[in-house]
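This is work-v9.pdb (PDB, C-alpha atoms).
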ATOM      1  CA  THR P   1      21.399 -30.604 183.527
ATOM      2  CA  GLN P   2      22.908 -29.195 186.693
ATOM      3  CA  LEU P   3      26.664 -28.764 186.858
ATOM      4  CA  LEU P   4      26.395 -29.619 190.547
ATOM      5  CA  GLU P   5      24.031 -32.369 191.671
ATOM      6  CA  GLN P   6      22.836 -32.232 195.255
ATOM      7  CA  SER P   7      21.268 -35.160 197.046
ATOM      8  CA  PRO P   8      18.907 -35.835 198.540
ATOM      9  CA  GLN P   9      16.606 -33.158 197.215
ATOM     10  CA  PHE P  10      14.444 -33.300 200.345
ATOM     11  CA  LEU P  11      15.224 -34.653 203.800
ATOM     12  CA  SER P  12      12.965 -34.723 206.838
ATOM     13  CA  ILE P  13      14.349 -36.024 210.131
ATOM     14  CA  GLN P  14      13.695 -35.914 213.860
ATOM     15  CA  GLU P  15      15.622 -33.702 216.229
ATOM     16  CA  GLY P  16      18.783 -35.410 217.452
ATOM     17  CA  GLU P  17      19.398 -37.504 214.343
ATOM     18  CA  ASN P  18      22.523 -37.286 212.220
ATOM     19  CA  LEU P  19      22.467 -36.631 208.485
ATOM     20  CA  THR P  20      24.713 -36.216 205.472
ATOM     21  CA  VAL P  21      23.966 -34.355 202.265
ATOM     22  CA  TYR P  22      26.026 -34.526 199.114
ATOM     23  CA  CYS P  23      27.181 -32.276 196.315
ATOM     24  CA  ASN P  24      28.609 -34.035 193.255
ATOM     25  CA  SER P  25      30.012 -32.987 189.912
ATOM     26  CA  SER P  26      32.125 -34.299 187.056
ATOM     27  CA  SER P  27      34.000 -30.981 187.028
ATOM     28  CA  VAL P  28      36.979 -29.937 189.114
ATOM     29  CA  PHE P  29      36.543 -26.802 191.200
ATOM     30  CA  SER P  30      39.092 -24.421 192.638
ATOM     31  CA  SER P  31      36.872 -24.012 195.673
ATOM     32  CA  LEU P  32      33.451 -24.992 196.895
ATOM     33  CA  GLN P  33      31.095 -23.150 199.169
ATOM     34  CA  TRP P  34      28.142 -24.249 201.259
ATOM     35  CA  TYR P  35      25.278 -21.877 201.978
ATOM     36  CA  ARG P  36      22.125 -22.138 204.060
ATOM     37  CA  GLN P  37      18.989 -20.308 203.052
ATOM     38  CA  GLU P  38      15.905 -19.779 205.180
ATOM     39  CA  PRO P  39      12.510 -19.065 203.588
ATOM     40  CA  GLY P  40      12.205 -15.526 202.274
ATOM     41  CA  GLU P  41      15.847 -14.681 202.878
ATOM     42  CA  GLY P  42      19.081 -14.699 200.931
ATOM     43  CA  PRO P  43      21.584 -17.571 201.277
ATOM     44  CA  VAL P  44      24.174 -17.201 204.013
ATOM     45  CA  LEU P  45      27.691 -18.514 203.512
ATOM     46  CA  LEU P  46      28.615 -21.326 205.909
ATOM     47  CA  VAL P  47      32.045 -22.417 204.733
ATOM     48  CA  THR P  48      34.512 -22.441 201.860
ATOM     49  CA  VAL P  49      36.731 -25.445 201.143
ATOM     50  CA  VAL P  50      39.717 -25.105 198.865
ATOM     51  CA  THR P  51      42.076 -28.067 199.239
ATOM     52  CA  GLY P  52      41.271 -31.592 198.064
ATOM     53  CA  GLY P  53      40.487 -33.779 201.089
ATOM     54  CA  GLU P  54      39.980 -30.747 203.319
ATOM     55  CA  VAL P  55      37.683 -31.111 206.306
ATOM     56  CA  LYS P  56      36.212 -28.140 208.120
ATOM     57  CA  LYS P  57      34.056 -28.165 211.228
ATOM     58  CA  LEU P  58      31.560 -25.534 212.246
ATOM     59  CA  LYS P  59      30.075 -26.594 215.586
ATOM     60  CA  ARG P  60      27.869 -29.599 214.710
ATOM     61  CA  LEU P  61      28.473 -29.246 210.956
ATOM     62  CA  THR P  62      31.344 -31.045 209.225
ATOM     63  CA  PHE P  63      32.220 -30.203 205.634
ATOM     64  CA  GLN P  64      34.497 -32.295 203.444
ATOM     65  CA  PHE P  65      35.936 -31.553 200.015
ATOM     66  CA  GLY P  66      36.658 -34.594 197.866
ATOM     67  CA  ASP P  67      40.250 -35.516 197.120
ATOM     68  CA  ALA P  68      39.721 -34.735 193.426
ATOM     69  CA  ARG P  69      37.887 -31.491 194.222
ATOM     70  CA  LYS P  70      34.793 -32.665 192.337
ATOM     71  CA  ASP P  71      32.463 -33.320 195.238
ATOM     72  CA  SER P  72      31.676 -32.365 198.793
ATOM     73  CA  SER P  73      29.599 -33.506 201.722
ATOM     74  CA  LEU P  74      27.979 -31.833 204.680
ATOM     75  CA  HIS P  75      27.382 -33.867 207.831
ATOM     76  CA  ILE P  76      25.222 -32.570 210.658
ATOM     77  CA  THR P  77      25.410 -34.207 214.067
ATOM     78  CA  ALA P  78      22.439 -34.160 216.434
ATOM     79  CA  ALA P  79      20.287 -32.017 214.163
ATOM     80  CA  GLN P  80      18.152 -29.306 215.716
ATOM     81  CA  PRO P  81      15.026 -27.538 214.405
ATOM     82  CA  GLY P  82      17.176 -24.457 213.845
ATOM     83  CA  ASP P  83      19.097 -26.385 211.193
ATOM     84  CA  THR P  84      15.998 -26.398 209.002
ATOM     85  CA  GLY P  85      16.594 -24.713 205.662
ATOM     86  CA  LEU P  86      17.783 -25.073 202.090
ATOM     87  CA  TYR P  87      21.434 -26.107 201.872
ATOM     88  CA  LEU P  88      23.121 -25.009 198.674
ATOM     89  CA  CYS P  89      26.548 -25.900 197.392
ATOM     90  CA  ALA P  90      28.375 -23.732 194.886
ATOM     91  CA  GLY P  91      31.522 -24.555 192.949
ATOM     92  CA  ALA P  92      33.993 -21.965 191.726
ATOM     93  CA  ARG P  93      36.242 -22.371 188.702
ATOM     94  CA  ASN P  94      37.743 -19.946 186.202
ATOM     95  CA  ASN P  95      36.383 -16.971 188.143
ATOM     96  CA  ASP P  96      32.883 -18.360 187.725
ATOM     97  CA  MET P  97      30.629 -19.947 190.303
ATOM     98  CA  ARG P  98      27.614 -22.230 189.840
ATOM     99  CA  PHE P  99      25.045 -23.352 192.370
ATOM    100  CA  GLY P 100      23.411 -26.697 192.890
ATOM    101  CA  ALA P 101      19.634 -26.970 193.269
ATOM    102  CA  GLY P 102      19.941 -27.546 197.014
ATOM    103  CA  THR P 103      18.817 -29.973 199.682
ATOM    104  CA  ARG P 104      15.778 -28.899 201.647
ATOM    105  CA  LEU P 105      16.195 -30.083 205.230
ATOM    106  CA  THR P 106      13.399 -30.170 207.782
ATOM    107  CA  VAL P 107      14.223 -31.067 211.373
ATOM    108  CA  LYS P 108      11.150 -31.887 213.410
ATOM    109  CA  PRO P 109      11.132 -31.265 217.170
TER     110      PRO P 109
ATOM    111  CA  SER L   1      31.769  -4.184 207.421
ATOM    112  CA  GLN L   2      30.000  -4.738 204.147
ATOM    113  CA  THR L   3      26.249  -4.687 203.710
ATOM    114  CA  ILE L   4      24.013  -5.275 200.738
ATOM    115  CA  HIS L   5      20.541  -3.844 200.297
ATOM    116  CA  GLN L   6      17.716  -4.746 197.966
ATOM    117  CA  TRP L   7      14.380  -3.103 197.396
ATOM    118  CA  PRO L   8      11.578  -3.481 197.276
ATOM    119  CA  ALA L   9      11.218  -6.552 199.476
ATOM    120  CA  THR L  10       8.030  -7.648 197.749
ATOM    121  CA  LEU L  11       6.364  -6.595 194.537
ATOM    122  CA  VAL L  12       3.147  -7.544 192.763
ATOM    123  CA  GLN L  13       2.957  -6.412 189.160
ATOM    124  CA  PRO L  14       0.547  -7.048 186.269
ATOM    125  CA  VAL L  15       1.689  -8.774 183.103
ATOM    126  CA  GLY L  16       3.109  -6.283 180.631
ATOM    127  CA  SER L  17       4.153  -3.724 183.234
ATOM    128  CA  PRO L  18       7.761  -2.514 183.624
ATOM    129  CA  LEU L  19      10.124  -3.600 186.387
ATOM    130  CA  SER L  20      12.992  -2.015 188.243
ATOM    131  CA  LEU L  21      14.750  -3.752 191.151
ATOM    132  CA  GLU L  22      17.643  -2.064 192.852
ATOM    133  CA  CYS L  23      20.639  -3.405 194.731
ATOM    134  CA  THR L  24      23.331  -1.414 196.514
ATOM    135  CA  VAL L  25      26.445  -2.509 198.368
ATOM    136  CA  GLU L  26      28.185  -0.602 201.144
ATOM    137  CA  GLY L  27      31.596  -0.977 202.691
ATOM    138  CA  THR L  28      33.545  -2.253 199.682
ATOM    139  CA  SER L  29      34.747  -0.933 196.362
ATOM    140  CA  ASN L  30      34.783  -2.443 192.877
ATOM    141  CA  PRO L  31      32.797  -5.556 193.822
ATOM    142  CA  ASN L  32      31.587  -8.150 191.370
ATOM    143  CA  LEU L  33      27.787  -7.951 191.352
ATOM    144  CA  TYR L  34      25.267 -10.634 190.488
ATOM    145  CA  TRP L  35      21.525 -11.032 189.880
ATOM    146  CA  TYR L  36      19.988 -14.452 190.494
ATOM    147  CA  ARG L  37      16.431 -15.738 190.206
ATOM    148  CA  GLN L  38      15.183 -18.549 192.384
ATOM    149  CA  ALA L  39      11.980 -20.406 191.539
ATOM    150  CA  ALA L  40       9.972 -21.762 194.461
ATOM    151  CA  GLY L  41      11.920 -24.485 196.274
ATOM    152  CA  ARG L  42      14.702 -24.544 193.716
ATOM    153  CA  GLY L  43      18.295 -23.467 193.319
ATOM    154  CA  LEU L  44      19.714 -20.230 191.995
ATOM    155  CA  GLN L  45      19.749 -19.301 188.329
ATOM    156  CA  LEU L  46      22.388 -16.716 187.448
ATOM    157  CA  LEU L  47      20.861 -13.976 185.298
ATOM    158  CA  PHE L  48      23.534 -11.277 185.047
ATOM    159  CA  TYR L  49      26.885 -10.435 186.515
ATOM    160  CA  SER L  50      29.063  -7.348 186.392
ATOM    161  CA  VAL L  51      32.767  -6.880 187.054
ATOM    162  CA  GLY L  52      32.672  -3.077 186.776
ATOM    163  CA  ILE L  53      30.638   0.016 185.947
ATOM    164  CA  GLY L  54      28.804  -0.407 182.656
ATOM    165  CA  GLN L  55      30.052  -3.990 182.244
ATOM    166  CA  ILE L  56      27.205  -6.507 182.149
ATOM    167  CA  SER L  57      27.315 -10.169 181.191
ATOM    168  CA  SER L  58      24.065 -11.983 180.498
ATOM    169  CA  GLU L  59      23.768 -15.661 181.272
ATOM    170  CA  VAL L  60      20.248 -16.390 180.088
ATOM    171  CA  PRO L  61      18.470 -14.715 177.150
ATOM    172  CA  GLN L  62      15.164 -13.282 178.339
ATOM    173  CA  ASN L  63      13.159 -10.103 178.586
ATOM    174  CA  LEU L  64      15.194  -8.847 181.544
ATOM    175  CA  SER L  65      18.147  -6.474 181.446
ATOM    176  CA  ALA L  66      20.664  -5.211 183.981
ATOM    177  CA  SER L  67      22.619  -2.021 184.409
ATOM    178  CA  ARG L  68      25.405  -0.826 186.677
ATOM    179  CA  PRO L  69      25.356   2.968 186.690
ATOM    180  CA  GLN L  70      27.615   3.249 189.727
ATOM    181  CA  ASP L  71      30.316   1.096 191.282
ATOM    182  CA  ARG L  72      28.082  -0.276 194.030
ATOM    183  CA  GLN L  73      24.671  -0.112 192.356
ATOM    184  CA  PHE L  74      23.113  -2.860 190.277
ATOM    185  CA  ILE L  75      19.672  -2.592 188.691
ATOM    186  CA  LEU L  76      17.474  -5.300 187.185
ATOM    187  CA  SER L  77      14.851  -4.117 184.716
ATOM    188  CA  SER L  78      12.193  -5.234 182.313
ATOM    189  CA  LYS L  79      10.085  -3.283 179.848
ATOM    190  CA  LYS L  80       7.224  -5.799 179.895
ATOM    191  CA  LEU L  81       6.869  -8.466 182.558
ATOM    192  CA  LEU L  82       5.775 -12.011 181.767
ATOM    193  CA  LEU L  83       4.032 -14.461 184.100
ATOM    194  CA  SER L  84       7.196 -16.565 184.013
ATOM    195  CA  ASP L  85       9.176 -13.691 185.535
ATOM    196  CA  SER L  86       7.645 -14.402 188.939
ATOM    197  CA  GLY L  87      10.188 -15.559 191.489
ATOM    198  CA  PHE L  88      12.593 -14.587 194.208
ATOM    199  CA  TYR L  89      15.309 -12.248 192.935
ATOM    200  CA  LEU L  90      18.597 -12.142 194.753
ATOM    201  CA  CYS L  91      21.461  -9.718 194.380
ATOM    202  CA  ALA L  92      24.932 -10.739 195.515
ATOM    203  CA  TRP L  93      28.436  -9.335 195.589
ATOM    204  CA  SER L  94      31.881 -10.843 195.704
ATOM    205  CA  LYS L  95      35.443  -9.675 195.746
ATOM    206  CA  GLY L  96      37.088  -9.732 192.342
ATOM    207  CA  THR L  97      39.474 -12.619 192.989
ATOM    208  CA  ARG L  98      39.977 -15.441 190.513
ATOM    209  CA  VAL L  99      40.327 -18.304 192.968
ATOM    210  CA  ILE L 100      37.708 -17.927 195.636
ATOM    211  CA  ASN L 101      34.383 -16.378 194.735
ATOM    212  CA  GLU L 102      32.528 -16.316 198.004
ATOM    213  CA  GLN L 103      29.304 -14.480 197.407
ATOM    214  CA  PHE L 104      27.308 -12.459 199.872
ATOM    215  CA  PHE L 105      23.618 -12.146 199.257
ATOM    216  CA  GLY L 106      21.028  -9.482 199.833
ATOM    217  CA  PRO L 107      17.653 -10.179 201.452
ATOM    218  CA  GLY L 108      15.918 -10.694 198.101
ATOM    219  CA  THR L 109      12.833  -9.363 196.333
ATOM    220  CA  ARG L 110       9.749 -11.539 195.973
ATOM    221  CA  LEU L 111       8.157 -10.691 192.603
ATOM    222  CA  THR L 112       4.680 -11.908 191.688
ATOM    223  CA  VAL L 113       3.440 -11.231 188.186
ATOM    224  CA  LEU L 114      -0.338 -11.550 187.808
TER     225      LEU L 114
END

Rewrite the structure from the file as structure tokens, please.
Amino acid sequence: TQLLEQSPQFLSIQEGENLTVYCNSSSVFSSLQWYRQEPGEGPVLLVTVVTGGEVKKLKRLTFQFGDARKDSSLHITAAQPGDTGLYLCAGARNNDMRFGAGTRLTVKP
Amino acid sequence: SQTIHQWPATLVQPVGSPLSLECTVEGTSNPNLYWYRQAAGRGLQLLFYSVGIGQISSEVPQNLSASRPQDRQFILSSKKLLLSDSGFYLCAWSKGTRVINEQFFGPGTRLTVL
């Protein structure tokens, strides 16, 4: 079983729609990162959240860390085809970090 | 600025052949180094990590091994490849902090074992 569960596993939407993807765990993390990975490339770090309840915005992307630091969400407003990719969350605790299986997002023009 | 390199970018090898993938990091010293494998369309499986020269921790028992001969060099090896070793291999580095472990990934190596 995955330490971090990401949902949905796959998501296909039209350009301009909004979406939210989730990263859930029963474990508490000292920090949580979100990465985006395009086919054939390595993941690229988008954001790190550290404080429970923290909200960070990166242009049209909004990241939230749960109050208990066990879960996180990523909301994308007005999705664009360039947002297509695999979104991975990773939780850090005890100097160790584990990745979820990812949400594969496809934004159709 | 820091950069991370991996080579080769792609590799096709027969079953039973040896493997050597190399990863180097520039622009930082004493990084933590990681090897991950990613199956098609799936998340990352941590294979090995290293906190210093000659220090290797294995996460998953398998026919792969890792070595760190220099501070910024990490090598993934196998004596005899299996079909199940096919996948996308990613090297990553992070600063050696205990609280935040942001990892920075290389471009990856696509390995196909036939």

List the neighbours of range 10-26 of chain P out to 9 Å using only C-alpha atoms; skip same-chain residues closer than 4 positions along the sequence, and give me the result as number ranges by chain.
P: 2-6, 70-81, 87-90, 100, 102-109

I need the contact residues of chain L against chain P, so if you could list those with any atom within 9 Å, counting only C-alpha atoms, and return them as an MDAnalysis selection string, that would help.
chainID L and resid 41:46 88 90:92 96:110

Between L:Tyr36, L:Ser50, L:Gln55, L:Ser17, smallest distance to Tyr89 in chain L by all atoms listed in the file belongs to L:Tyr36

Please put the answer as lines of an AutoDock Vina configuration file: centre and edge lengths, in Å with one decimal, of a box along x, y and z that encloses all listed atoms of range 38-55 of chain P plus 4 Å on each side.
center_x = 27.1
center_y = -24.2
center_z = 202.2
size_x = 37.9
size_y = 27.1
size_z = 16.2

Can you turn the PyMOL selection byres ((chain L and resi 69-75) around 9) into a concrete residue list for this file, as an MDAnalysis selection string?
chainID L and resid 20:26 28:31 33:35 50 52:54 65:68 76:77 91

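Here CA of Ala68 in chain P stands at a distance of 9.2 Å from CA of Thr51 in chain P.
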
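Picture a line from CA of Leu64 in chain L to CA of Ser84 in chain L; it runs 11.4 Å.
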
How far is it from CA of Thr84 in chain P to CA of Lys95 in chain L, in Å with one decimal?
28.9 Å
